[in-house]
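Next comes protein-v6.txt, a file with compact mmCIF, C-alpha atoms.
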```txt
# COMPACT_ATOMS: atom_id res chain seq x y z
CA MET Z 1 43.93 38.45 106.03
CA LEU Z 2 44.41 35.45 103.73
CA HIS Z 3 44.47 32.19 105.66
CA LYS Z 4 46.36 29.22 104.24
CA LEU Z 5 45.07 26.05 105.82
CA LEU Z 6 46.08 23.77 102.95
CA THR Z 7 48.72 25.44 100.81
CA GLU Z 8 50.95 27.03 103.47
CA HIS Z 9 53.90 24.75 102.73
CA TYR Z 10 53.31 23.98 99.07
CA HIS Z 11 56.36 26.03 98.04
CA ARG Z 12 58.63 23.65 99.97
CA GLU Z 13 59.82 20.91 97.61
CA LYS Z 14 60.55 18.58 100.52
CA TYR Z 15 56.89 18.77 101.62
CA LEU Z 16 55.92 16.07 99.14
CA THR Z 17 58.10 13.53 101.00
CA LEU Z 18 57.18 11.82 104.25
CA GLU Z 19 60.21 13.31 106.00
CA GLY Z 20 59.39 16.84 104.89
CA TYR Z 21 55.70 16.44 105.74
CA LYS Z 22 56.47 15.16 109.23
CA GLU Z 23 58.85 18.09 109.81
CA ARG Z 24 55.79 20.34 109.46
CA GLY Z 25 53.63 18.34 111.86
CA GLY Z 26 52.48 15.71 109.41
CA TYR Z 27 50.50 12.76 110.82
CA GLN Z 28 50.29 14.31 114.28
CA THR Z 29 46.64 15.08 113.53
CA LEU Z 30 46.06 11.43 112.64
CA LYS Z 31 47.53 10.46 116.01
CA LYS Z 32 45.19 12.96 117.67
CA ALA Z 33 42.19 11.58 115.75
CA LEU Z 34 42.94 7.98 116.71
CA SER Z 35 42.76 8.98 120.38
CA LYS Z 36 39.13 10.04 119.88
CA LYS Z 37 35.98 8.07 119.14
CA PRO Z 38 35.06 7.80 115.45
CA GLY Z 39 31.73 9.49 116.12
CA ASP Z 40 33.53 12.48 117.63
CA ILE Z 41 35.45 12.97 114.36
CA VAL Z 42 32.22 12.87 112.37
CA SER Z 43 30.66 15.43 114.74
CA GLU Z 44 33.71 17.73 114.48
CA VAL Z 45 33.58 17.69 110.69
CA LYS Z 46 29.83 18.26 110.77
CA ASP Z 47 30.24 21.19 113.20
CA SER Z 48 32.95 22.72 110.99
CA GLY Z 49 30.44 23.22 108.19
CA LEU Z 50 32.88 21.78 105.62
CA ARG Z 51 31.13 21.45 102.27
CA GLY Z 52 32.23 19.15 99.47
CA ARG Z 53 34.86 20.86 97.34
CA GLY Z 54 34.25 18.79 94.23
CA GLY Z 55 31.41 20.94 92.94
CA ALA Z 56 28.15 20.04 94.64
CA GLY Z 57 28.98 21.70 97.97
CA PHE Z 58 27.06 19.17 100.09
CA PRO Z 59 27.97 19.23 103.83
CA THR Z 60 30.64 16.58 104.35
CA GLY Z 61 29.81 15.57 107.93
CA ILE Z 62 26.15 15.13 107.05
CA LYS Z 63 27.12 12.96 104.09
CA TRP Z 64 29.17 10.76 106.41
CA SER Z 65 26.25 10.45 108.82
CA PHE Z 66 24.12 8.89 106.06
CA LEU Z 67 26.04 5.63 106.43
CA PRO Z 68 23.83 2.89 107.87
CA ASN Z 69 24.52 1.82 111.42
CA ASN Z 70 25.45 -1.77 110.68
CA LYS Z 71 28.48 -4.07 110.57
CA GLU Z 72 28.83 -4.13 106.77
CA ASP Z 73 32.21 -3.42 105.20
CA ARG Z 74 32.34 0.18 104.03
CA TYR Z 75 34.58 2.02 101.62
CA LEU Z 76 36.07 5.48 101.30
CA LEU Z 77 36.71 6.68 97.75
CA CYS Z 78 38.76 9.75 96.92
CA ASN Z 79 37.53 11.40 93.74
CA ALA Z 80 40.72 12.63 92.05
CA ASP Z 81 39.22 12.50 88.55
CA GLU Z 82 39.51 16.25 88.09
CA GLY Z 83 37.80 16.72 84.73
CA GLU Z 84 35.88 20.00 84.98
CA PRO Z 85 37.38 22.38 82.38
CA GLY Z 86 39.32 25.18 84.05
CA THR Z 87 40.01 23.17 87.22
CA PHE Z 88 43.56 22.22 88.22
CA LYS Z 89 43.68 22.54 92.02
CA ASP Z 90 43.52 18.83 92.90
CA ARG Z 91 46.44 18.09 90.60
CA MET Z 92 48.52 20.68 92.48
CA MET Z 93 47.50 19.24 95.85
CA MET Z 94 48.50 15.71 94.88
CA GLU Z 95 51.78 16.81 93.31
CA ARG Z 96 52.87 19.06 96.18
CA ALA Z 97 51.27 17.54 99.28
CA PRO Z 98 50.41 13.86 98.74
CA HIS Z 99 50.76 13.02 102.43
CA GLN Z 100 48.25 15.72 103.33
CA LEU Z 101 45.68 13.84 101.25
CA ILE Z 102 46.70 10.47 102.68
CA GLU Z 103 46.46 11.76 106.25
CA GLY Z 104 43.06 13.30 105.53
CA MET Z 105 41.87 10.01 104.06
CA LEU Z 106 43.11 7.99 107.03
CA ILE Z 107 41.34 10.31 109.48
CA SER Z 108 38.17 10.18 107.39
CA ALA Z 109 38.39 6.39 107.06
CA TYR Z 110 38.73 6.08 110.82
CA ALA Z 111 35.74 8.36 111.32
CA ILE Z 112 33.48 6.22 109.12
CA GLN Z 113 35.19 2.97 110.18
CA SER Z 114 36.37 1.98 106.73
CA LYS Z 115 39.07 -0.65 106.32
CA LYS Z 116 39.72 0.04 102.65
CA SER Z 117 39.97 3.14 100.49
CA TYR Z 118 40.84 3.97 96.90
CA ILE Z 119 42.15 7.10 95.20
CA TYR Z 120 40.49 7.23 91.77
CA ILE Z 121 42.78 9.46 89.73
CA ARG Z 122 42.28 10.54 86.13
CA GLY Z 123 44.48 8.83 83.58
CA GLU Z 124 46.15 12.02 82.33
CA TYR Z 125 47.60 12.80 85.77
CA GLN Z 126 50.68 10.63 85.37
CA LYS Z 127 52.98 12.84 87.45
CA ALA Z 128 50.49 13.03 90.33
CA TYR Z 129 49.96 9.28 90.05
CA ARG Z 130 53.70 8.57 90.43
CA ILE Z 131 54.02 10.97 93.36
CA LEU Z 132 51.05 9.40 95.14
CA GLN Z 133 52.42 5.91 94.54
CA SER Z 134 55.71 6.94 96.13
CA ALA Z 135 53.94 8.61 99.07
CA LEU Z 136 51.76 5.55 99.68
CA GLY Z 137 54.89 3.40 99.72
CA GLU Z 138 56.51 5.70 102.28
CA ALA Z 139 53.40 5.70 104.47
CA ARG Z 140 53.06 1.94 104.29
CA GLN Z 141 56.71 1.40 105.19
CA GLU Z 142 56.31 3.77 108.14
CA GLY Z 143 53.33 1.77 109.44
CA LEU Z 144 50.82 4.54 108.66
CA ILE Z 145 48.92 2.23 106.33
CA GLY Z 146 48.24 -1.38 107.25
CA LYS Z 147 47.62 -3.14 110.55
CA LYS Z 148 47.18 -1.32 113.89
CA ILE Z 149 48.16 2.12 112.65
CA LEU Z 150 50.20 4.10 115.20
CA ASP Z 151 49.71 1.29 117.76
CA SER Z 152 45.93 1.74 117.66
CA ASN Z 153 43.20 -0.79 116.93
CA PHE Z 154 42.57 0.84 113.57
CA SER Z 155 43.75 -0.98 110.44
CA HIS Z 156 43.39 0.37 106.93
CA GLU Z 157 44.55 -0.33 103.39
CA MET Z 158 44.72 2.26 100.61
CA ASP Z 159 45.30 1.88 96.87
CA ILE Z 160 45.24 3.99 93.71
CA TYR Z 161 43.08 3.29 90.67
CA LEU Z 162 44.03 4.97 87.40
CA GLY Z 163 41.03 6.03 85.33
CA ALA Z 164 40.87 6.27 81.54
CA GLY Z 165 40.18 9.99 81.25
CA ALA Z 166 36.39 10.09 81.01
CA TYR Z 167 34.71 13.26 82.31
CA ILE Z 168 31.64 11.29 83.37
CA CYS Z 169 33.71 9.27 85.85
CA GLY Z 170 34.00 12.41 87.95
CA GLU Z 171 30.35 11.79 88.88
CA GLU Z 172 30.44 9.58 91.96
CA THR Z 173 28.29 6.70 90.73
CA GLY Z 174 30.01 6.74 87.32
CA MET Z 175 33.32 6.54 89.18
CA ILE Z 176 32.06 3.62 91.26
CA SER Z 177 30.98 1.78 88.10
CA SER Z 178 34.44 2.29 86.60
CA LEU Z 179 36.16 1.17 89.80
CA GLU Z 180 34.08 -2.01 89.72
CA GLY Z 181 35.39 -2.73 86.22
CA LYS Z 182 32.16 -1.81 84.49
CA LYS Z 183 31.41 0.82 81.87
CA GLY Z 184 31.81 4.24 83.51
CA GLN Z 185 28.16 5.24 83.53
CA PRO Z 186 26.23 6.94 86.36
CA LYS Z 187 23.58 5.02 88.28
CA LEU Z 188 20.10 6.03 89.34
CA LYS Z 189 19.76 7.34 92.90
CA PRO Z 190 18.43 6.28 95.34
CA PRO Z 191 19.99 4.13 96.60
CA PHE Z 192 22.77 6.59 97.30
CA PRO Z 193 26.39 5.37 97.58
CA ALA Z 194 26.35 5.85 101.36
CA VAL Z 195 23.79 3.02 101.48
CA LYS Z 196 24.74 0.97 98.42
CA GLY Z 197 27.90 2.01 96.63
CA TYR Z 198 31.13 0.25 95.68
CA LEU Z 199 30.53 -3.52 95.46
CA GLU Z 200 27.02 -2.68 96.72
CA LYS Z 201 28.47 -1.79 100.13
CA PRO Z 202 28.12 1.51 102.03
CA THR Z 203 30.50 3.99 100.41
CA ILE Z 204 31.57 7.58 100.95
CA VAL Z 205 32.96 9.52 97.99
CA ASN Z 206 34.83 12.77 98.70
CA ASN Z 207 37.00 15.05 96.61
CA VAL Z 208 40.79 15.55 97.06
CA GLU Z 209 40.38 19.04 98.52
CA THR Z 210 37.56 17.93 100.83
CA LEU Z 211 39.57 15.08 102.34
CA SER Z 212 42.69 17.23 102.70
CA ALA Z 213 40.64 19.87 104.56
CA VAL Z 214 39.77 17.30 107.23
CA VAL Z 215 43.36 17.62 108.55
CA PRO Z 216 43.22 21.31 109.67
CA ILE Z 217 39.67 20.81 110.95
CA ILE Z 218 40.68 18.03 113.33
CA ARG Z 219 44.01 19.71 114.13
CA ASP Z 220 42.56 23.12 115.06
CA GLY Z 221 38.92 22.28 115.80
CA ALA Z 222 35.62 23.15 114.15
CA LYS Z 223 35.38 26.54 115.85
CA ALA Z 224 38.69 27.72 114.40
CA TYR Z 225 37.66 26.54 110.94
CA ARG Z 226 34.33 28.33 111.17
CA ALA Z 227 36.11 31.56 112.08
CA ILE Z 228 37.24 31.73 108.43
CA GLY Z 229 34.91 32.33 105.50
CA THR Z 230 31.20 33.04 105.91
CA GLU Z 231 28.57 31.65 108.23
CA LYS Z 232 27.08 29.30 105.63
CA SER Z 233 30.28 28.78 103.64
CA PRO Z 234 33.03 28.40 106.24
CA GLY Z 235 36.71 27.74 105.68
CA THR Z 236 38.99 28.27 102.73
CA LYS Z 237 38.73 27.13 99.13
CA ILE Z 238 41.35 26.78 96.41
CA PHE Z 239 40.32 28.67 93.27
CA SER Z 240 41.84 27.86 89.89
CA LEU Z 241 42.15 31.16 88.06
CA SER Z 242 42.65 31.03 84.28
CA GLY Z 243 41.72 32.72 81.03
CA ASP Z 244 42.44 36.36 80.12
CA VAL Z 245 44.29 37.27 83.28
CA LEU Z 246 47.96 38.13 83.83
CA ARG Z 247 48.68 35.84 86.79
CA PRO Z 248 46.72 32.62 86.40
CA GLY Z 249 47.16 29.92 89.03
CA ASN Z 250 45.72 28.39 92.17
CA TYR Z 251 44.78 30.70 95.04
CA GLU Z 252 43.63 29.54 98.47
CA LEU Z 253 41.13 32.09 99.74
CA PRO Z 254 38.54 32.39 102.51
CA LEU Z 255 35.08 31.73 101.14
CA GLY Z 256 33.27 35.02 100.61
CA TYR Z 257 36.32 36.67 99.00
CA SER Z 258 35.60 39.25 96.32
CA LEU Z 259 35.70 37.89 92.75
CA THR Z 260 37.11 41.15 91.40
CA ASP Z 261 39.83 41.17 94.09
CA LEU Z 262 40.87 37.71 92.91
CA ILE Z 263 41.00 38.88 89.28
CA TYR Z 264 42.65 42.27 89.76
CA SER Z 265 44.56 42.19 93.07
CA LEU Z 266 45.83 38.61 93.04
CA GLY Z 267 45.50 37.76 89.37
CA GLY Z 268 47.09 40.97 88.13
CA GLY Z 269 44.11 42.05 86.06
CA LEU Z 270 43.69 41.88 82.30
CA ARG Z 271 46.00 42.69 79.39
CA ALA Z 272 46.59 46.35 78.62
CA GLY Z 273 43.76 47.83 76.58
CA CYS Z 274 41.31 45.03 77.41
CA SER Z 275 38.24 45.20 79.62
CA LEU Z 276 36.31 42.50 81.43
CA LYS Z 277 33.48 40.96 79.42
CA ALA Z 278 32.47 37.87 81.40
CA VAL Z 279 33.52 35.40 84.09
CA ILE Z 280 32.74 31.72 84.46
CA PRO Z 281 32.98 31.35 88.27
CA GLY Z 282 32.91 27.61 88.90
CA GLY Z 283 34.03 25.60 85.89
CA SER Z 284 32.54 25.37 82.40
CA SER Z 285 29.31 23.73 83.58
CA VAL Z 286 27.95 26.76 85.49
CA PRO Z 287 26.08 29.80 84.12
CA VAL Z 288 28.33 32.66 83.05
CA LEU Z 289 28.42 36.08 84.74
CA THR Z 290 28.50 39.39 82.90
CA ALA Z 291 31.14 41.95 83.88
CA GLU Z 292 28.49 43.88 85.82
CA GLU Z 293 27.45 40.76 87.75
CA ALA Z 294 31.08 39.88 88.43
CA GLU Z 295 31.59 43.27 90.10
CA LYS Z 296 29.06 42.25 92.77
CA ALA Z 297 30.12 38.62 93.14
CA LYS Z 298 31.53 37.04 96.28
CA LEU Z 299 33.19 33.64 96.08
CA ASP Z 300 30.88 31.58 98.27
CA TYR Z 301 27.99 29.22 97.60
CA GLU Z 302 25.14 31.51 98.63
CA SER Z 303 26.35 34.72 96.98
CA LEU Z 304 26.84 33.07 93.61
CA ASN Z 305 23.49 31.30 93.90
CA GLU Z 306 21.87 34.71 94.32
CA LEU Z 307 23.42 35.72 90.99
CA GLY Z 308 21.96 32.66 89.30
CA THR Z 309 25.16 30.63 89.11
CA PHE Z 310 27.28 28.26 91.22
CA LEU Z 311 30.64 28.07 92.97
CA GLY Z 312 31.13 24.61 91.45
CA SER Z 313 34.70 23.38 91.45
CA GLY Z 314 36.07 26.89 92.00
CA ALA Z 315 37.46 27.22 88.47
CA VAL Z 316 37.33 30.95 87.67
CA ILE Z 317 37.68 31.57 83.92
CA VAL Z 318 38.17 35.23 82.97
CA ILE Z 319 36.98 36.43 79.55
CA ASP Z 320 37.96 39.82 78.11
CA ASP Z 321 36.25 41.94 75.46
CA THR Z 322 38.32 40.56 72.58
CA ARG Z 323 36.54 37.20 72.86
CA ASP Z 324 33.54 35.98 70.90
CA MET Z 325 31.14 34.33 73.36
CA MET Z 326 29.71 32.08 70.65
CA ASP Z 327 33.19 30.70 69.98
CA ILE Z 328 33.62 29.90 73.68
CA LEU Z 329 30.16 28.36 73.97
CA SER Z 330 30.79 26.23 70.90
CA ILE Z 331 33.95 24.80 72.50
CA ILE Z 332 32.08 24.09 75.74
CA LEU Z 333 29.21 22.33 73.94
CA ASP Z 334 31.57 20.27 71.78
CA PHE Z 335 33.23 19.08 75.00
CA TYR Z 336 29.99 17.97 76.66
CA HIS Z 337 28.76 16.29 73.49
CA HIS Z 338 32.01 14.34 73.31
CA GLU Z 339 31.94 13.40 77.01
CA SER Z 340 28.28 12.33 77.24
CA CYS Z 341 28.15 8.63 78.07
CA GLY Z 342 25.04 8.27 75.86
CA GLN Z 343 22.96 6.54 78.52
CA CYS Z 344 20.19 9.17 78.67
CA THR Z 345 18.42 10.38 75.52
CA PRO Z 346 18.07 14.07 76.53
CA CYS Z 347 21.84 14.24 77.08
CA ARG Z 348 22.95 12.04 74.20
CA GLU Z 349 20.77 13.82 71.65
CA GLY Z 350 20.56 17.23 73.30
CA THR Z 351 24.31 17.83 73.55
CA GLY Z 352 24.60 16.85 69.89
CA TRP Z 353 21.84 19.22 68.82
CA LEU Z 354 23.32 22.14 70.75
CA SER Z 355 26.74 21.50 69.27
CA LYS Z 356 25.33 21.35 65.72
CA ILE Z 357 23.31 24.54 66.12
CA LEU Z 358 26.33 26.46 67.41
CA LYS Z 359 28.42 25.24 64.48
CA LYS Z 360 25.69 26.54 62.18
CA VAL Z 361 25.75 29.89 63.98
CA ARG Z 362 29.52 30.25 63.69
CA MET Z 363 29.40 29.41 59.98
CA GLY Z 364 27.15 32.41 59.44
CA GLU Z 365 24.10 30.29 58.61
CA ALA Z 366 22.06 31.23 61.67
CA VAL Z 367 18.44 32.39 61.52
CA MET Z 368 16.43 34.03 64.31
CA GLY Z 369 14.66 30.74 64.99
CA ASP Z 370 17.95 29.25 66.16
CA TRP Z 371 17.85 31.59 69.13
CA ASP Z 372 14.65 29.98 70.40
CA LEU Z 373 15.75 26.50 69.34
CA ILE Z 374 18.88 26.61 71.52
CA GLN Z 375 16.81 27.65 74.52
CA GLN Z 376 14.14 25.05 73.83
CA VAL Z 377 16.60 22.18 73.47
CA ALA Z 378 18.55 23.27 76.57
CA GLU Z 379 15.42 23.63 78.71
CA ASN Z 380 14.30 20.13 77.69
CA MET Z 381 17.66 18.73 78.81
CA LYS Z 382 17.59 20.11 82.35
CA GLY Z 383 16.64 17.77 85.18
CA ARG Z 384 15.73 14.86 82.91
CA THR Z 385 18.79 12.64 83.15
CA ILE Z 386 20.48 10.29 85.61
CA CYS Z 387 23.39 12.63 86.26
CA ALA Z 388 24.04 16.35 85.86
CA LEU Z 389 26.07 16.30 82.62
CA SER Z 390 22.99 17.26 80.62
CA ASP Z 391 22.44 20.25 82.90
CA ALA Z 392 26.16 21.06 82.65
CA ALA Z 393 25.71 21.64 78.91
CA ALA Z 394 22.28 23.28 79.12
CA MET Z 395 23.05 25.92 81.75
CA PRO Z 396 25.98 27.55 79.90
CA ALA Z 397 24.00 27.44 76.64
CA ILE Z 398 21.05 29.32 78.14
CA SER Z 399 23.17 31.86 80.03
CA PHE Z 400 25.52 32.62 77.12
CA ILE Z 401 22.81 33.30 74.54
CA THR Z 402 20.64 35.19 77.02
CA LYS Z 403 23.33 37.46 78.42
CA PHE Z 404 25.37 37.93 75.26
CA ARG Z 405 22.72 38.24 72.59
CA ASN Z 406 24.83 40.70 70.60
CA ASP Z 407 27.51 38.06 70.05
CA PHE Z 408 24.82 35.78 68.67
CA GLU Z 409 23.04 38.37 66.56
CA LYS Z 410 26.18 39.61 64.84
CA TYR Z 411 26.21 36.36 62.90
CA LEU Z 412 22.67 37.15 61.71
CA TYR Z 413 23.85 40.62 60.72
CA ILE Z 414 26.77 39.23 58.73
CA GLU Z 415 24.44 36.82 56.95
CA SER Z 416 21.99 39.65 56.19
CA MET Z 417 24.73 41.89 54.83
CA ASP Z 418 26.09 39.07 52.66
CA SER Z 419 22.59 38.52 51.26
CA LYS Z 420 22.19 42.22 50.41
CA THR Z 421 25.61 42.30 48.75
CA ALA Z 422 24.76 39.26 46.66
CA SER Z 423 21.42 40.74 45.55
CA ASN Z 424 23.11 43.99 44.46
```
Take the structure in the file and give it back as structure tokens.
Amino acid sequence: MLHKLLTEHYHREKYLTLEGYKERGGYQTLKKALSKKPGDIVSEVKDSGLRGRGGAGFPTGIKWSFLPNNKEDRYLLCNADEGEPGTFKDRMMMERAPHQLIEGMLISAYAIQSKKSYIYIRGEYQKAYRILQSALGEARQEGLIGKKILDSNFSHEMDIYLGAGAYICGEETGMISSLEGKKGQPKLKPPFPAVKGYLEKPTIVNNVETLSAVVPIIRDGAKAYRAIGTEKSPGTKIFSLSGDVLRPGNYELPLGYSLTDLIYSLGGGLRAGCSLKAVIPGGSSVPVLTAEEAEKAKLDYESLNELGTFLGSGAVIVIDDTRDMMDILSIILDFYHHESCGQCTPCREGTGWLSKILKKVRMGEAVMGDWDLIQQVAENMKGRTICALSDAAAMPAISFITKFRNDFEKYLYIESMDSKTASN
């Protein structure tokens, strides 16, 4: 059975308005939350096992509990800077259910006792931005944002900040730097944002899907949420399916769902005459799976880790046998080279080197030494930078050339044949 905790009403156009959202029980969960102690909300989210849906998969309730027990002002930041290639779920959530996000943020803000929150949304999401602005206006006029919300002692203000479209601002400390008006570059950790974040105050950063998931958790309870998914990866997740598949789109599924069932049963399979070659299971930054590995894959954190890759943002990119893996890798590496903020040498130089080598390969100028050079450069990039962008380029590079050596070597073969033809 496919449970829809988040997307059940997304087909209803009226659901994006306050009136339509309230008709489906909207903001009743906020009222329920405000009748509880903030610590009880934190405990409920912790007990639910909810893991961050932005990519890292860190337990949300535990992250909240890292906040220092003091009287300092604290901030809640919603990361809506959805920049991972292949990912488009957060955009859908903001465009179809803005009040679901706002309610989730208000409950979360109450839980951590934050008086101010921001939605940091990527600059290209103009439609989502306008819809959120309208929804915030509705909520504020209804008294759901501002002083003494729903006749409680809880007051909270919420605003939207429009980013400039930099991939690196999807990293939480890079986002904080941008929100502070500085260059959008990641910061060294520790201190972590929960201790010293926005304006050097305790700060919690959560993804759109994570904050929206707080609503059904508090509405139905942690036990009901844990009844869906797997023991270590409970609940549902929205997967963005794209690539060589007949029915691309967003699918809300229980964690642990079969990858092949997503591709063939829900996604309609591949084009006639094509067969599966590879799958990128969690956005362009994670190691690729071969068709054989994909057959065994389950869509949860642990199962994909066992296959040497990651669930990431849940962006499932399907690749059929008509594709050249070196073409795809070249596009991925060009992207990360362009998006590197340049702060760390292994990333600034490494992404450039990988991009140049792949261009050389695709031009038919590759030599066998390039095989080892790609691996060497990529290995020297991993784990040596402030943020994970360097790893995001290195991991696909290593997995593509290791698992699809034939696609690499055919360029050597073409070069060899051209040389023989010229000599004759």
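With distances restricted to only C-alpha atoms, Z:Thr322 is the closest residue to Z:Ala272 from Z:Ser340, Z:Thr322, Z:Ser65, Z:Thr236.
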Can you sort out the box for stretch 254-270 of chain Z, edges along x, y and z, all listed atoms in, 5 Å on every side, with centre and edge lengths in Å to one decimal, as lines of an AutoDock Vina configuration file?
```
center_x = 40.2
center_y = 37.0
center_z = 92.4
size_x = 23.8
size_y = 20.5
size_z = 30.2
```
Around (59.4, 12.0, 100.5) in the file's own coordinates, what residues are found within 10 Å if you use all atoms listed in the file, given back as a PDB file with C-alpha atoms, in the frame of the given file?
```
ATOM      1  CA  GLU Z  13      59.820  20.910  97.610  1.00  0.00           C
ATOM      2  CA  LYS Z  14      60.550  18.580 100.520  1.00  0.00           C
ATOM      3  CA  TYR Z  15      56.890  18.770 101.620  1.00  0.00           C
ATOM      4  CA  LEU Z  16      55.920  16.070  99.140  1.00  0.00           C
ATOM      5  CA  THR Z  17      58.100  13.530 101.000  1.00  0.00           C
ATOM      6  CA  LEU Z  18      57.180  11.820 104.250  1.00  0.00           C
ATOM      7  CA  GLU Z  19      60.210  13.310 106.000  1.00  0.00           C
ATOM      8  CA  GLY Z  20      59.390  16.840 104.890  1.00  0.00           C
ATOM      9  CA  TYR Z  21      55.700  16.440 105.740  1.00  0.00           C
ATOM     10  CA  LYS Z  22      56.470  15.160 109.230  1.00  0.00           C
ATOM     11  CA  ALA Z  97      51.270  17.540  99.280  1.00  0.00           C
ATOM     12  CA  PRO Z  98      50.410  13.860  98.740  1.00  0.00           C
ATOM     13  CA  HIS Z  99      50.760  13.020 102.430  1.00  0.00           C
ATOM     14  CA  ILE Z 131      54.020  10.970  93.360  1.00  0.00           C
ATOM     15  CA  SER Z 134      55.710   6.940  96.130  1.00  0.00           C
ATOM     16  CA  ALA Z 135      53.940   8.610  99.070  1.00  0.00           C
ATOM     17  CA  GLY Z 137      54.890   3.400  99.720  1.00  0.00           C
ATOM     18  CA  GLU Z 138      56.510   5.700 102.280  1.00  0.00           C
ATOM     19  CA  ALA Z 139      53.400   5.700 104.470  1.00  0.00           C
TER      20      ALA Z 139
END
```
- prompt: Which is closest to Z:Leu266 among Z:Pro254, Z:Gly350, Z:Pro191, Z:Pro248, if we use only C-alpha atoms?
  reply: Z:Pro248
- request: Would you mind reading off the distance between atom CA of Z:Met175 and atom CA of Z:Lys115, one decimal, in Å?
  value: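 If I compute the distance from atom CA of Z:Met175 to atom CA of Z:Lys115, I get 19.5 Å.
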message: Counting all atoms listed in the file, which residue out of Z:Ile401, Z:Ile119, Z:Ile218, Z:Ala166 sits closest to Z:Leu30?
response: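 Nearest candidate to Z:Leu30 out of Z:Ile401, Z:Ile119, Z:Ile218, Z:Ala166: Z:Ile218.
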- prompt: What separation in Å, quoted to one decimal, exists between atom CA of Z:Phe88 and atom CA of Z:Ser285?
  reply: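 Straight-line distance from atom CA of Z:Phe88 to atom CA of Z:Ser285 works out to 15.1 Å.
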Stretch 24-60 of chain Z residues near stretch 297-300 of chain Z within 12 Å, closest pair each, using all atoms listed in the file, as a Markdown table:
```
| residue | atom | partner | partner_atom | distance |
| --- | --- | --- | --- | --- |
| Z:Arg51 | CA | Z:Asp300 | CA | 10.9 |
| Z:Arg53 | CA | Z:Asp300 | CA | 11.5 |
| Z:Gly55 | CA | Z:Asp300 | CA | 11.9 |
| Z:Gly57 | CA | Z:Asp300 | CA | 10.1 |
```
Pick from Z:Asp90, Z:Asp81, Z:Glu124, Z:Glu200 nearest to Z:Ile238, counting all atoms listed in the file: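 Looking at the shortest contact to Z:Ile238, the residue is Z:Asp90.
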Residues within 9 Å of Z:Asn206, please, as a CSV table (one decimal) with C-alpha atoms, in the coordinates of the input. Count all atoms listed in the file; anything in the same chain fewer than 5 positions from it doesn't count.
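Writing done, so here's result19.csv:
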```csv
chain,number,residue,atom,x,y,z
Z,52,GLY,CA,32.2,19.2,99.5
Z,53,ARG,CA,34.9,20.9,97.3
Z,54,GLY,CA,34.2,18.8,94.2
Z,60,THR,CA,30.6,16.6,104.4
Z,76,LEU,CA,36.1,5.5,101.3
Z,77,LEU,CA,36.7,6.7,97.8
Z,78,CYS,CA,38.8,9.8,96.9
Z,79,ASN,CA,37.5,11.4,93.7
Z,80,ALA,CA,40.7,12.6,92.0
Z,172,GLU,CA,30.4,9.6,92.0
Z,211,LEU,CA,39.6,15.1,102.3
```
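For the choices Z:Ile328, Z:Val214, Z:Ala366, Z:Leu6, the atom-to-atom distance to Z:Val42 is smallest for Z:Val214 when using all atoms listed in the file.
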- prompt: Nearest to Z:Gly184 among Z:Gln343, Z:Ser284, Z:Ser275, Z:Ser265, with distances taken over only C-alpha atoms: which residue is it?
  reply: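 Distance minimum relative to Z:Gly184 lands on Z:Gln343.
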- request: Counting all atoms listed in the file, note down every residue that has an atom within 8 Å of the point (28.3, 31.5, 85.6) (file coordinates), as a PyMOL selection string.
  value: chain Z and resi 279-282+286-289+308-310+396+399
task: Mind giving me the straight-line distance from atom CA of Z:His11 to atom CA of Z:Gly170 in Å, one decimal?
output: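 A separation of 28.1 Å between them.
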task: Can you pull out every residue within 10 Å of stretch 101-111 of chain Z, counting only C-alpha atoms, but drop anything in the same chain fewer than 5 positions away, and send it as a ChimeraX atom specification?
output: /Z:26-34,36-43,45,61,64,74-78,90,93-94,116-119,132,135-136,139,144-145,149,154-158,204,206-218
field: Non-local contacts of Z:Gly165 (6 Å; only C-alpha atoms; under 2 positions in same chain excluded) as a ChimeraX atom specification
entry: /Z:122-123,163
